$ cat target.txt   # compact mmCIF, C-alpha atoms
# COMPACT_ATOMS: atom_id res chain seq x y z
CA MET V 1302 29.53 -10.51 4.19
CA ILE V 1303 28.29 -7.98 1.72
CA ASN V 1304 30.50 -5.53 -0.19
CA ARG V 1305 33.67 -7.49 0.31
CA CYS V 1306 36.20 -8.76 -2.22
CA ARG V 1307 38.41 -11.79 -1.48
CA PHE V 1308 41.79 -11.98 -3.13
CA SER V 1309 44.39 -14.71 -3.46
CA VAL V 1310 47.95 -13.55 -4.16
CA ILE V 1311 51.22 -15.44 -4.46
CA ALA V 1312 53.25 -13.37 -2.03
CA GLU V 1313 54.18 -13.10 1.62
CA ALA V 1314 51.36 -12.10 3.94
CA VAL V 1315 53.52 -9.49 5.63
CA TYR V 1316 54.39 -7.91 2.29
CA ILE V 1317 50.77 -7.79 1.16
CA ALA V 1318 49.52 -6.32 4.46
CA ASN V 1319 52.20 -3.63 4.51
CA ILE V 1320 51.94 -2.66 0.86
CA LEU V 1321 48.17 -2.37 0.92
CA ASN V 1322 48.18 -0.49 4.25
CA PHE V 1323 50.73 1.91 2.82
CA HIS V 1324 48.19 2.77 0.12
CA GLY V 1325 45.44 3.26 2.68
CA ILE V 1326 43.66 -0.02 2.03
CA GLY V 1327 42.39 -1.87 5.10
CA VAL V 1328 42.85 -5.63 4.94
CA LYS V 1329 40.79 -8.27 6.76
CA ARG V 1330 41.07 -12.00 7.38
CA ILE V 1331 44.58 -12.53 6.14
CA GLU V 1332 45.42 -16.24 5.85
CA ARG V 1333 48.48 -18.02 4.57
CA LYS V 1334 47.84 -21.07 2.43
CA GLY V 1335 51.23 -22.36 1.49
CA GLU V 1336 52.75 -19.85 -0.90
CA GLU V 1337 49.47 -18.03 -1.31
CA THR V 1338 48.11 -15.31 0.86
CA VAL V 1339 44.34 -14.95 0.93
CA PHE V 1340 42.79 -11.72 2.24
CA THR V 1341 39.65 -9.60 2.05
CA VAL V 1342 39.24 -5.92 1.29
CA HIS V 1343 36.17 -3.70 1.07
CA SER V 1344 34.61 -3.66 -2.41
CA ALA V 1345 35.24 0.08 -2.66
CA ASP V 1346 38.97 -0.61 -2.27
CA ALA V 1347 39.05 -3.63 -4.57
CA LYS V 1348 39.97 -1.70 -7.71
CA LYS V 1349 42.72 0.16 -5.93
CA ALA V 1350 44.03 -3.12 -4.50
CA GLU V 1351 44.14 -4.59 -8.01
CA GLU V 1352 46.11 -1.59 -9.26
CA VAL V 1353 48.61 -1.87 -6.41
CA LEU V 1354 49.12 -5.58 -6.96
CA THR V 1355 49.45 -5.14 -10.71
CA LYS V 1356 51.92 -2.33 -10.25
CA ARG V 1357 54.01 -4.56 -7.97
CA GLY V 1358 53.84 -7.38 -10.51
CA LYS V 1359 51.98 -9.73 -8.20
CA GLU V 1360 49.70 -12.37 -9.64
CA TYR V 1361 46.34 -12.32 -8.02
CA LYS V 1362 42.95 -13.97 -8.30
CA ILE V 1363 39.60 -12.69 -7.11
CA LEU V 1364 38.00 -15.55 -5.23
CA ALA V 1365 34.75 -13.79 -4.38
CA ASP V 1366 33.12 -10.43 -4.88
CA THR V 1367 29.99 -9.75 -2.87
CA SER V 1368 29.45 -6.15 -3.97
CA VAL V 1369 26.08 -5.05 -5.33
CA ARG V 1370 27.69 -4.08 -8.65
CA ALA V 1371 29.22 -7.54 -9.04
CA PHE V 1372 25.86 -9.16 -8.24
CA PHE V 1373 24.07 -7.31 -11.00
CA LYS V 1374 26.95 -7.79 -13.42
CA LYS V 1375 26.83 -11.52 -12.75
CA ASN V 1376 23.08 -11.68 -13.08
CA VAL V 1377 22.56 -9.31 -16.00
CA PHE V 1378 20.66 -11.93 -17.96
CA ARG V 1379 18.68 -13.21 -15.02
CA PHE V 1380 15.47 -11.58 -16.10
CA GLY V 1381 13.52 -13.59 -13.61
CA ILE V 1382 15.27 -11.82 -10.73
CA TYR V 1383 14.54 -8.40 -12.17
CA THR V 1384 10.97 -9.32 -12.92
CA GLY V 1385 10.60 -10.59 -9.38
CA ILE V 1386 12.11 -7.40 -7.92
CA LEU V 1387 9.81 -5.29 -10.11
CA ALA V 1388 6.77 -7.36 -9.16
CA VAL V 1389 7.57 -6.99 -5.45
CA ALA V 1390 8.09 -3.24 -5.85
CA LEU V 1391 4.74 -2.89 -7.65
CA LEU V 1392 3.03 -5.04 -5.05
CA MET V 1393 4.44 -2.91 -2.26
CA TYR V 1394 3.38 0.25 -4.05
CA PHE V 1395 -0.19 -0.91 -4.52
CA TYR V 1396 -0.53 -2.53 -1.13
CA ALA V 1397 0.85 0.56 0.61
CA GLY V 1398 -1.76 2.64 -1.17
CA THR V 1399 -4.62 0.31 -0.34
CA LEU V 1400 -7.09 0.95 2.44
CA THR V 1401 -8.64 -2.20 3.85
CA ARG V 1402 -10.12 -1.25 7.22
CA ILE V 1403 -12.01 1.55 8.94
CA ASP V 1404 -11.65 2.20 12.65
CA ILE V 1405 -14.33 4.57 14.01
CA SER V 1406 -14.20 5.90 17.54
CA GLY V 1407 -15.85 8.61 19.61
CA ASN V 1408 -19.43 7.96 18.53
CA LYS V 1409 -22.06 7.09 21.10
CA ALA V 1410 -25.25 8.76 19.89
CA VAL V 1411 -24.47 8.81 16.17
CA ALA V 1412 -24.78 5.40 14.51
CA GLY V 1413 -21.59 3.94 13.05
CA GLU V 1414 -23.48 2.94 9.91
CA ASN V 1415 -24.18 6.59 9.08
CA ILE V 1416 -20.50 7.42 9.41
CA CYS V 1417 -19.52 4.40 7.30
CA LYS V 1418 -22.01 5.46 4.64
CA VAL V 1419 -20.36 8.87 4.30
CA ILE V 1420 -16.90 7.29 4.16
CA GLU V 1421 -17.95 4.77 1.53
CA GLU V 1422 -19.44 7.50 -0.63
CA ASN V 1423 -16.01 9.13 -0.81
CA LEU V 1424 -13.58 6.22 -0.62
CA GLU V 1425 -13.54 2.66 -1.85
CA ILE V 1426 -12.83 0.39 1.08
CA PRO V 1427 -11.13 -1.91 0.46
CA GLY V 1428 -9.56 -0.11 -2.45
CA PHE V 1429 -6.61 1.82 -3.82
CA ASN V 1430 -6.84 5.29 -2.33
CA ARG V 1431 -3.38 6.73 -2.56
CA ASP V 1432 -4.37 10.37 -3.08
CA ALA V 1433 -7.64 10.56 -1.17
CA ASP V 1434 -8.83 13.94 0.09
CA TYR V 1435 -9.20 13.45 3.84
CA ASP V 1436 -9.94 17.12 4.52
CA ALA V 1437 -13.05 16.95 2.33
CA LEU V 1438 -14.11 13.74 4.08
CA GLU V 1439 -13.75 15.44 7.48
CA LYS V 1440 -16.03 18.29 6.30
CA LYS V 1441 -18.66 15.78 5.12
CA LEU V 1442 -18.55 13.99 8.45
CA ILE V 1443 -19.00 17.27 10.34
CA ALA V 1444 -22.08 17.96 8.18
CA LEU V 1445 -23.77 14.88 9.73
CA ASP V 1446 -26.37 15.57 12.41
CA GLY V 1447 -24.97 15.18 15.88
CA ILE V 1448 -21.30 15.54 14.95
CA SER V 1449 -19.41 18.70 15.84
CA GLY V 1450 -15.92 17.64 14.85
CA ALA V 1451 -14.08 14.87 13.06
CA SER V 1452 -10.53 13.82 12.32
CA VAL V 1453 -9.52 11.35 9.64
CA GLU V 1454 -6.07 9.84 9.60
CA ARG V 1455 -4.54 7.06 7.63
CA LYS V 1456 -2.02 4.69 9.19
CA GLY V 1457 -0.88 1.84 7.02
CA ASN V 1458 -3.95 0.15 5.54
CA THR V 1459 -6.34 1.40 8.20
CA LEU V 1460 -8.39 4.58 8.16
CA PHE V 1461 -8.77 5.94 11.68
CA VAL V 1462 -11.86 8.13 12.03
CA ARG V 1463 -12.44 9.94 15.28
CA VAL V 1464 -15.67 11.91 15.68
CA TYR V 1465 -16.65 14.40 18.34
CA GLU V 1466 -20.37 14.48 19.01
CA GLU V 1467 -22.49 17.53 19.80
CA LEU V 1468 -23.68 17.99 23.33
CA PRO V 1469 -27.35 17.02 23.75
CA LYS V 1470 -29.78 19.91 23.27
CA VAL V 1471 -31.38 21.12 26.43
CA ASP V 1472 -35.04 22.14 26.41
CA VAL V 1473 -35.29 25.53 28.00
CA GLU V 1474 -38.67 26.33 29.45
CA ASP V 1475 -39.76 29.93 29.18
CA ARG V 1476 -41.65 30.62 32.37
CA THR V 1477 -42.04 34.35 31.84
CA GLU V 1478 -44.81 34.00 29.27
CA PHE V 1479 -48.33 33.28 30.55
CA LYS V 1480 -49.74 30.97 27.88
CA ASP V 1481 -52.52 28.39 28.09
CA VAL V 1482 -51.83 24.76 27.27
CA VAL V 1483 -54.10 23.89 24.34
CA SER V 1484 -55.04 20.68 22.55
CA LYS V 1485 -53.37 19.78 19.24
CA TYR V 1486 -56.19 17.50 18.12
CA ASP V 1487 -59.93 16.93 18.25
CA THR V 1488 -59.99 14.37 21.02
CA ILE V 1489 -61.65 12.80 24.02
CA ILE V 1490 -59.57 13.32 27.18
CA THR V 1491 -58.24 10.14 28.83
CA ARG V 1492 -55.62 11.56 31.23
CA VAL V 1493 -54.58 15.00 32.48
CA ILE V 1494 -51.59 15.84 34.68
CA THR V 1495 -51.42 19.48 35.81
CA PHE V 1496 -48.08 20.79 37.14
CA SER V 1497 -49.11 24.43 37.35
CA GLY V 1498 -52.06 26.54 36.27
CA THR V 1499 -55.74 25.51 36.33
CA CYS V 1500 -57.05 22.42 34.55
CA LYS V 1501 -60.15 23.20 32.51
CA VAL V 1502 -61.10 19.67 31.41
CA LYS V 1503 -61.67 16.29 32.96
CA VAL V 1504 -61.44 12.67 31.77
CA GLY V 1505 -64.13 11.94 29.22
CA ASP V 1506 -64.54 15.51 27.98
CA THR V 1507 -64.64 16.16 24.25
CA VAL V 1508 -62.10 18.77 23.28
CA LYS V 1509 -61.60 20.51 19.95
CA LYS V 1510 -58.27 21.37 18.40
CA GLY V 1511 -57.00 24.64 19.91
CA GLN V 1512 -59.24 24.45 22.97
CA THR V 1513 -57.66 25.30 26.34
CA VAL V 1514 -56.82 22.26 28.46
CA ILE V 1515 -54.80 23.98 31.22
CA SER V 1516 -55.19 27.75 31.66
CA ALA V 1517 -52.44 30.09 32.75
CA THR V 1518 -54.38 31.44 35.72
CA VAL V 1519 -54.97 30.42 39.30
CA THR V 1520 -57.98 31.25 41.43
CA ALA V 1521 -56.90 33.23 44.48
CA GLY V 1522 -60.32 33.59 45.97
CA GLU V 1523 -63.93 33.99 44.87
CA GLY V 1524 -63.84 35.69 41.48
CA VAL V 1525 -60.17 36.59 41.88
CA GLU V 1526 -57.85 35.19 39.29
CA ALA V 1527 -54.11 35.70 39.10
CA PRO V 1528 -51.89 34.97 36.13
CA SER V 1529 -49.66 31.91 36.40
CA TYR V 1530 -47.46 29.68 34.32
CA ALA V 1531 -49.47 26.84 32.70
CA ASN V 1532 -47.67 23.49 32.58
CA GLY V 1533 -48.97 19.97 32.28
CA ILE V 1534 -49.54 16.96 30.05
CA ALA V 1535 -52.80 15.66 28.66
CA TYR V 1536 -53.60 12.48 26.76
CA GLY V 1537 -56.62 11.74 24.65
CA ARG V 1538 -58.14 9.41 22.08
CA VAL V 1539 -57.49 10.52 18.54
CA TRP V 1540 -58.77 9.07 15.26
CA VAL V 1541 -56.38 9.07 12.35
CA THR V 1542 -57.62 8.31 8.83
CA LYS V 1543 -55.75 7.71 5.59
CA GLU V 1544 -57.17 7.21 2.09
CA VAL V 1545 -55.20 5.49 -0.65
CA ILE V 1546 -56.32 5.09 -4.27
CA ILE V 1547 -54.85 1.92 -5.79
CA SER V 1548 -54.98 1.52 -9.52
CA GLN V 1549 -55.74 -1.89 -10.96
CA VAL V 1550 -53.46 -1.16 -13.87
CA GLN V 1551 -49.83 -0.62 -13.07
CA ILE V 1552 -46.94 0.40 -15.26
CA GLU V 1553 -43.77 -1.49 -14.63
CA ALA V 1554 -40.38 -1.68 -16.30
CA VAL V 1555 -39.83 -4.98 -18.10
CA ARG V 1556 -36.45 -6.19 -19.37
CA THR V 1557 -36.17 -6.55 -23.12
CA GLY V 1558 -33.29 -9.05 -23.00
CA ASN V 1559 -30.56 -6.65 -24.12
CA SER V 1560 -27.75 -5.94 -21.69
CA VAL V 1561 -24.28 -4.42 -21.50
CA GLU V 1562 -21.49 -5.02 -18.94
CA HIS V 1563 -18.96 -2.45 -17.75
CA VAL V 1564 -16.04 -3.10 -15.36
CA VAL V 1565 -14.58 -0.46 -13.04
CA PHE V 1566 -11.28 -0.97 -11.19
CA PHE V 1567 -10.38 0.53 -7.84
CA GLY V 1568 -13.75 2.26 -7.64
CA LYS V 1569 -12.75 4.89 -10.16
CA LYS V 1570 -15.96 6.43 -11.43
CA ASP V 1571 -16.07 7.10 -15.14
CA ASP V 1572 -18.50 8.62 -17.66
CA PHE V 1573 -19.78 5.40 -19.15
CA VAL V 1574 -23.40 5.65 -20.27
CA PRO V 1575 -25.14 2.53 -21.55
CA PRO V 1576 -26.66 2.76 -25.05
CA PHE V 1577 -30.23 2.42 -23.83
CA SER V 1578 -32.85 5.11 -23.28
CA GLN V 1579 -34.27 3.24 -20.30
CA TYR V 1580 -32.37 0.68 -18.23
CA GLU V 1581 -31.87 -0.79 -14.81
CA THR V 1582 -28.46 -1.42 -13.24
CA GLU V 1583 -27.07 -4.39 -11.38
CA LYS V 1584 -23.84 -3.94 -9.42
CA ARG V 1585 -21.56 -6.80 -8.47
CA GLU V 1586 -18.39 -6.30 -6.44
CA CYS V 1587 -15.56 -8.77 -6.82
CA PHE V 1588 -12.00 -9.14 -5.54
CA LEU V 1589 -9.01 -10.06 -7.67
CA ASP V 1590 -7.23 -11.96 -4.94
CA ALA V 1591 -7.88 -13.03 -1.38
CA VAL V 1592 -4.44 -11.90 -0.15
CA ILE V 1593 -4.50 -8.48 -1.73
CA PRO V 1594 -8.07 -7.24 -1.83
CA LEU V 1595 -8.00 -5.36 -5.11
CA LYS V 1596 -11.62 -4.61 -5.76
CA TYR V 1597 -13.28 -4.33 -9.11
CA THR V 1598 -16.93 -3.70 -9.77
CA VAL V 1599 -19.01 -5.10 -12.61
CA PHE V 1600 -21.99 -3.00 -13.67
CA THR V 1601 -24.61 -4.80 -15.80
CA TYR V 1602 -27.11 -2.57 -17.55
CA TYR V 1603 -30.37 -4.22 -18.68
CA GLU V 1604 -32.53 -2.42 -21.22
CA THR V 1605 -36.13 -2.04 -20.04
CA LYS V 1606 -39.36 -0.75 -21.46
CA ASN V 1607 -42.60 0.23 -19.78
CA ALA V 1608 -45.45 -2.20 -19.90
CA GLU V 1609 -48.93 -2.09 -18.46
CA LYS V 1610 -49.78 -4.80 -16.03
CA GLU V 1611 -53.15 -5.56 -14.57
CA VAL V 1612 -53.06 -6.03 -10.86
CA ASP V 1613 -55.70 -8.10 -9.17
CA PHE V 1614 -56.14 -6.25 -5.89
CA TYR V 1615 -58.31 -8.89 -4.26
CA ALA V 1616 -55.77 -11.64 -4.96
CA ASN V 1617 -53.12 -9.65 -3.06
CA GLU V 1618 -55.46 -7.79 -0.74
CA GLU V 1619 -53.81 -8.88 2.48
CA ALA V 1620 -50.29 -7.94 1.42
CA ILE V 1621 -51.31 -4.58 -0.06
CA VAL V 1622 -53.39 -3.62 2.98
CA LYS V 1623 -50.60 -4.66 5.36
CA GLU V 1624 -48.10 -2.54 3.42
CA HIS V 1625 -50.22 0.60 3.74
CA VAL V 1626 -51.23 -0.11 7.34
CA ASP V 1627 -47.59 -0.53 8.39
CA LYS V 1628 -46.62 2.64 6.55
CA MET V 1629 -49.35 4.55 8.35
CA LEU V 1630 -48.30 3.06 11.67
CA SER V 1631 -44.82 4.46 11.19
CA GLU V 1632 -46.33 7.94 10.68
CA ILE V 1633 -48.35 8.19 13.91
CA PRO V 1634 -46.78 10.29 16.72
CA GLU V 1635 -44.05 8.63 18.74
CA GLY V 1636 -45.12 7.33 22.14
CA SER V 1637 -48.74 6.80 21.03
CA LYS V 1638 -50.64 3.69 22.01
CA VAL V 1639 -52.71 2.04 19.31
CA LEU V 1640 -56.17 1.15 20.66
CA ARG V 1641 -57.60 -0.33 17.49
CA ASN V 1642 -57.40 -0.10 13.71
CA TRP V 1643 -59.59 -1.15 10.79
CA TYR V 1644 -59.92 -0.49 7.08
CA ASP V 1645 -62.54 -0.17 4.39
CA ILE V 1646 -62.33 -1.04 0.68
CA LYS V 1647 -64.47 0.54 -2.04
CA SER V 1648 -64.35 0.21 -5.82
CA VAL V 1649 -64.27 3.57 -7.55
CA ASP V 1650 -64.32 3.39 -11.39
CA LYS V 1651 -61.44 1.03 -12.24
CA ASN V 1652 -59.57 1.83 -9.03
CA ILE V 1653 -59.72 0.61 -5.47
CA LYS V 1654 -60.15 3.13 -2.63
CA LEU V 1655 -58.58 1.88 0.60
CA VAL V 1656 -59.43 3.83 3.76
CA ILE V 1657 -57.45 2.97 6.90
CA TYR V 1658 -58.58 4.07 10.38
CA TYR V 1659 -56.52 4.16 13.54
CA GLU V 1660 -57.71 4.96 17.04
CA ILE V 1661 -54.77 5.93 19.20
CA GLU V 1662 -54.14 7.37 22.63
CA THR V 1663 -51.55 10.06 22.34
CA LYS V 1664 -50.21 13.17 24.01
CA ILE V 1665 -52.40 16.05 22.88
CA THR V 1666 -50.53 19.01 24.38
CA MET X 802 51.33 21.27 18.05
CA ARG X 803 51.59 18.67 20.80
CA ASN X 804 48.83 16.12 21.25
CA TYR X 805 47.50 14.70 24.50
CA TYR X 806 49.96 11.80 24.48
CA ASP X 807 52.97 14.05 24.06
CA GLU X 808 51.71 16.22 26.93
CA MET X 809 51.46 13.12 29.13
CA LEU X 810 55.01 12.08 28.27
CA LEU X 811 56.33 15.52 29.09
CA LYS X 812 54.68 15.43 32.50
CA LEU X 813 56.17 11.97 33.14
CA GLY X 814 59.58 13.26 32.12
CA LEU X 815 59.98 10.86 29.17
CA PRO X 816 61.61 11.96 25.92
CA VAL X 817 58.89 12.71 23.31
CA GLU X 818 61.03 11.62 20.37
CA ASP X 819 61.18 8.07 21.78
CA ALA X 820 57.47 7.84 22.40
CA VAL X 821 55.70 5.15 20.45
CA GLY X 822 51.99 6.11 21.03
CA LEU X 823 51.00 2.46 21.34
CA LYS X 824 47.80 1.11 22.85
CA VAL X 825 47.30 -2.60 23.38
CA THR X 826 43.97 -4.11 24.37
CA VAL X 827 43.92 -7.79 25.24
CA CYS X 828 40.55 -9.56 25.08
CA SER X 829 40.61 -12.63 27.35
CA PHE X 830 43.84 -13.73 25.67
CA ARG X 831 41.83 -14.88 22.66
CA GLY X 832 42.37 -11.65 20.81
CA VAL X 833 44.48 -8.53 20.99
CA PHE X 834 43.78 -5.14 19.46
CA ILE X 835 46.82 -2.96 18.89
CA GLU X 836 46.64 0.70 17.92
CA GLY X 837 49.67 2.68 16.85
CA HIS X 838 51.87 0.07 15.14
CA LYS X 839 54.17 1.07 12.34
CA GLY X 840 54.09 -2.06 10.20
CA LEU X 841 53.94 -5.84 10.12
CA LEU X 842 57.30 -7.59 10.15
CA VAL X 843 56.60 -11.28 10.71
CA PHE X 844 53.43 -13.28 10.47
CA THR X 845 53.34 -16.96 11.28
CA ASN X 846 50.93 -19.25 13.12
CA ASN X 847 52.94 -18.92 16.33
CA GLU X 848 54.46 -15.46 16.14
CA ILE X 849 53.57 -12.02 14.92
CA LEU X 850 56.11 -9.22 15.03
CA LEU X 851 55.09 -5.60 14.74
CA LYS X 852 57.22 -2.49 14.40
CA ILE X 853 56.53 0.10 17.06
CA GLY X 854 58.83 3.11 16.83
CA LYS X 855 62.40 1.98 17.53
CA GLU X 856 61.36 -1.29 19.16
CA LYS X 857 59.34 -4.27 18.05
CA LEU X 858 56.33 -5.88 19.68
CA LYS X 859 56.27 -9.65 19.59
CA ILE X 860 53.01 -11.55 20.06
CA SER X 861 53.50 -15.24 20.76
CA GLY X 862 50.88 -17.88 20.79
CA ALA X 863 49.19 -20.62 18.79
CA ASP X 864 46.92 -20.56 15.77
CA LEU X 865 47.40 -16.83 15.36
CA LYS X 866 45.38 -15.11 12.66
CA ILE X 867 45.12 -11.48 11.61
CA ASN X 868 41.47 -10.50 11.56
CA GLU X 869 41.98 -6.98 10.38
CA VAL X 870 44.97 -4.78 9.70
CA SER X 871 45.27 -1.19 8.60
CA SER X 872 48.12 1.30 8.55
CA ASP X 873 48.10 1.80 12.34
CA GLU X 874 45.66 -0.76 13.82
CA ILE X 875 45.69 -4.50 13.88
CA TYR X 876 43.38 -7.09 15.43
CA ILE X 877 44.91 -10.49 16.07
CA ARG X 878 43.00 -13.52 17.27
CA GLY X 879 44.12 -16.89 18.42
CA ASP X 880 45.61 -18.41 21.57
CA ILE X 881 47.72 -15.51 22.88
CA LYS X 882 50.52 -16.67 25.20
CA ALA X 883 52.79 -13.66 25.50
CA LEU X 884 53.35 -10.07 24.46
CA GLU X 885 56.92 -8.86 24.51
CA VAL X 886 58.78 -5.73 23.54
CA VAL X 887 61.92 -6.62 21.64
CA HIS X 888 64.77 -4.17 21.66
CA ASP X 889 67.16 -4.15 18.73
$ encode --input "target.txt" --output "structure tokens"
Amino acid sequence: MINRCRFSVIAEAVYIANILNFHGIGVKRIERKGEETVFTVHSADAKKAEEVLTKRGKEYKILADTSVRAFFKKNVFRFGIYTGILAVALLMYFYAGTLTRIDISGNKAVAGENICKVIEENLEIPGFNRDADYDALEKKLIALDGISGASVERKGNTLFVRVYEELPKVDVEDRTEFKDVVSKYDTIITRVITFSGTCKVKVGDTVKKGQTVISATVTAGEGVEAPSYANGIAYGRVWVTKEVIISQVQIEAVRTGNSVEHVVFFGKKDDFVPPFSQYETEKRECFLDAVIPLKYTVFTYYETKNAEKEVDFYANEEAIVKEHVDKMLSEIPEGSKVLRNWYDIKSVDKNIKLVIYYEIETKIT
Amino acid sequence: MRNYYDEMLLKLGLPVEDAVGLKVTVCSFRGVFIEGHKGLLVFTNNEILLKIGKEKLKISGADLKINEVSSDEIYIRGDIKALEVVHD
């Protein structure tokens, strides 16, 4: 039992019990062992018990003292114990301040990666984030497209992020304005669907940009036209062209061989600037221990200098053309159907002129 | 000022000055908790004698041990065989 002191006194048990009780000292587990009486008192009463026994001239021995004070007095030179206690306290302090997990909920339309990106820009996870500003993080999350509200709460080592998404925007059609439906491109009509109004073109017609496809009038009789609301969809073939000038001489950054390393603990950003005028950075994240994920980051700065490099276009023609073709493909309107594409290469001075053509069927209204 | 116990004695018609204010709780005859004793008189393995007012309370049994004792409460454990009030 803790905080108890066990005495052994050469006296009658009855005498000891009565004399200690008289002085307000509670006695436990009294046992008679021949001429000795063994008993236990609370550690807080131990000193008083000693005084009473001394005053009565009774010889006593303390058999055991399980008080906290006696423990430390006994182990005053046990530095290992104190070091261990200190190490555990520090471990608990750091581990309690460490964030290791993110739990995101409430997002259906907004991608979790976007939310994680905002969180990781403000907090190191896993990392030591004892005094993080969660209010500022909430404001940054609300600034994301599609999010109307956010709450960030920390419980233990987990960051709970709950987002509230905006309601989807509703397209409101204004039917009070009588406006023609016009073409956005120079095109050849492939399909027209008229919901209301009068269609002015047919499949195969050539239409210029801005030309009326569906007019906001209806014919009520011979020569009689009444205003109406024009609504419909039209599709047509559109040609999209892109020209790219590719130089045969490129400037690229080349490493000189000099480098400098800098280590950052717990994601704390500092003002370190490498001693190079031009450099590139390599970042490597490491963990001190697998049990406690204390993160440190090693930044390696490599000095670079610009160097001219001759590029043989024709040796890498396929890859270069594919790169530009794919880029152009990503720029065409969404929902379009690619009918065909081709490209043309011309040498102009020391450069290469690459012209890419796309024929697409797309919505023109 | 009279306490609840004194009030009870008055209603029963018992003299207050002789009242002992004793409460004995026996736990399956393996332990007995006594509140209101006035001191320990005898303590042996087979007998424990307590002072209660003008009388004495005798607890007889085997392997008797005092688990805890204070100025007015005592907890005794062991094989309790009898409790008896001894008049002087």
$ interface_residues --input "target.txt" --of "chain V" --to "chain X" --cutoff "10 Å" --atoms "all atoms listed in the file" --output "NGL selection string"
:V and (1313-1333 or 1340-1342)
$ residues_near_point --input "target.txt" --point "(-40.6, 0.1, -16.9)" --cutoff "7 Å" --atoms "only C-alpha atoms" --output "JSON, numbers by chain"
{"V": [1552, 1553, 1554, 1555, 1605, 1606, 1607, 1608]}
$ residues_around --input "target.txt" --residues "V:Val1656" --least-positions-apart "4" --cutoff "12 Å" --atoms "only C-alpha atoms" --output "ChimeraX atom specification"
/V:1541-1547,1622,1625-1626,1629,1642-1648
$ residues_around --input "target.txt" --residues "stretch 1515-1529 of chain V" --least-positions-apart "2" --cutoff "9 Å" --atoms "all atoms listed in the file" --output "VMD selection string"
chain V and resid 1478 to 1483 1495 1497 to 1502 1513 1531 to 1535
$ residues_around --input "target.txt" --residues "V:Ile1405" --least-positions-apart "6" --cutoff "12 Å" --atoms "all atoms listed in the file" --output "PyMOL selection string"
chain V and resi 1411-1417+1420+1442+1451-1455+1459-1465
$ closest_residue --input "target.txt" --among "V:Val1564, V:Met1393, V:Ile1653, V:Leu1424" --to "V:Gln1549" --atoms "all atoms listed in the file"
V:Ile1653
$ atom_distance --input "target.txt" --atom1 "atom CA of V:Leu1655" --atom2 "atom CA of V:Ile1621"
9.7 Å
$ atom_distance --input "target.txt" --atom1 "atom CA of X:Lys857" --atom2 "atom CA of X:Leu884"
10.5 Å
$ decode --input "target.txt" --residues "stretch 849-861 of chain X" --atoms "N, CA and C atoms" --output "PDB file, in the first residue's frame"
ATOM      1  N   ILE X 849     -11.286 -10.215  22.351  1.00  0.00           N
ATOM      2  CA  ILE X 849     -11.014  -8.765  22.296  1.00  0.00           C
ATOM      3  C   ILE X 849     -12.068  -8.122  23.178  1.00  0.00           C
ATOM      4  N   LEU X 850     -11.611  -7.252  24.071  1.00  0.00           N
ATOM      5  CA  LEU X 850     -12.526  -6.596  25.009  1.00  0.00           C
ATOM      6  C   LEU X 850     -12.461  -5.103  24.772  1.00  0.00           C
ATOM      7  N   LEU X 851     -13.657  -4.514  24.583  1.00  0.00           N
ATOM      8  CA  LEU X 851     -13.718  -3.086  24.311  1.00  0.00           C
ATOM      9  C   LEU X 851     -14.521  -2.412  25.421  1.00  0.00           C
ATOM     10  N   LYS X 852     -14.166  -1.182  25.715  1.00  0.00           N
ATOM     11  CA  LYS X 852     -14.915  -0.406  26.697  1.00  0.00           C
ATOM     12  C   LYS X 852     -16.017   0.336  25.978  1.00  0.00           C
ATOM     13  N   ILE X 853     -17.253   0.165  26.473  1.00  0.00           N
ATOM     14  CA  ILE X 853     -18.363   0.910  25.872  1.00  0.00           C
ATOM     15  C   ILE X 853     -19.160   1.554  27.007  1.00  0.00           C
ATOM     16  N   GLY X 854     -18.898   2.775  27.297  1.00  0.00           N
ATOM     17  CA  GLY X 854     -19.630   3.440  28.396  1.00  0.00           C
ATOM     18  C   GLY X 854     -19.278   2.775  29.722  1.00  0.00           C
ATOM     19  N   LYS X 855     -20.304   2.332  30.462  1.00  0.00           N
ATOM     20  CA  LYS X 855     -20.070   1.699  31.755  1.00  0.00           C
ATOM     21  C   LYS X 855     -19.881   0.192  31.627  1.00  0.00           C
ATOM     22  N   GLU X 856     -20.251  -0.361  30.460  1.00  0.00           N
ATOM     23  CA  GLU X 856     -20.064  -1.804  30.275  1.00  0.00           C
ATOM     24  C   GLU X 856     -18.870  -2.068  29.361  1.00  0.00           C
ATOM     25  N   LYS X 857     -18.688  -3.381  29.135  1.00  0.00           N
ATOM     26  CA  LYS X 857     -17.626  -3.780  28.196  1.00  0.00           C
ATOM     27  C   LYS X 857     -18.236  -4.702  27.154  1.00  0.00           C
ATOM     28  N   LEU X 858     -17.699  -4.656  25.951  1.00  0.00           N
ATOM     29  CA  LEU X 858     -18.153  -5.537  24.883  1.00  0.00           C
ATOM     30  C   LEU X 858     -17.062  -6.562  24.636  1.00  0.00           C
ATOM     31  N   LYS X 859     -17.444  -7.834  24.718  1.00  0.00           N
ATOM     32  CA  LYS X 859     -16.461  -8.900  24.551  1.00  0.00           C
ATOM     33  C   LYS X 859     -16.717  -9.598  23.229  1.00  0.00           C
ATOM     34  N   ILE X 860     -15.693  -9.695  22.411  1.00  0.00           N
ATOM     35  CA  ILE X 860     -15.803 -10.410  21.127  1.00  0.00           C
ATOM     36  C   ILE X 860     -14.953 -11.667  21.244  1.00  0.00           C
ATOM     37  N   SER X 861     -15.626 -12.816  21.110  1.00  0.00           N
ATOM     38  CA  SER X 861     -14.902 -14.080  21.246  1.00  0.00           C
ATOM     39  C   SER X 861     -14.821 -14.759  19.892  1.00  0.00           C
TER      40      SER X 861
END
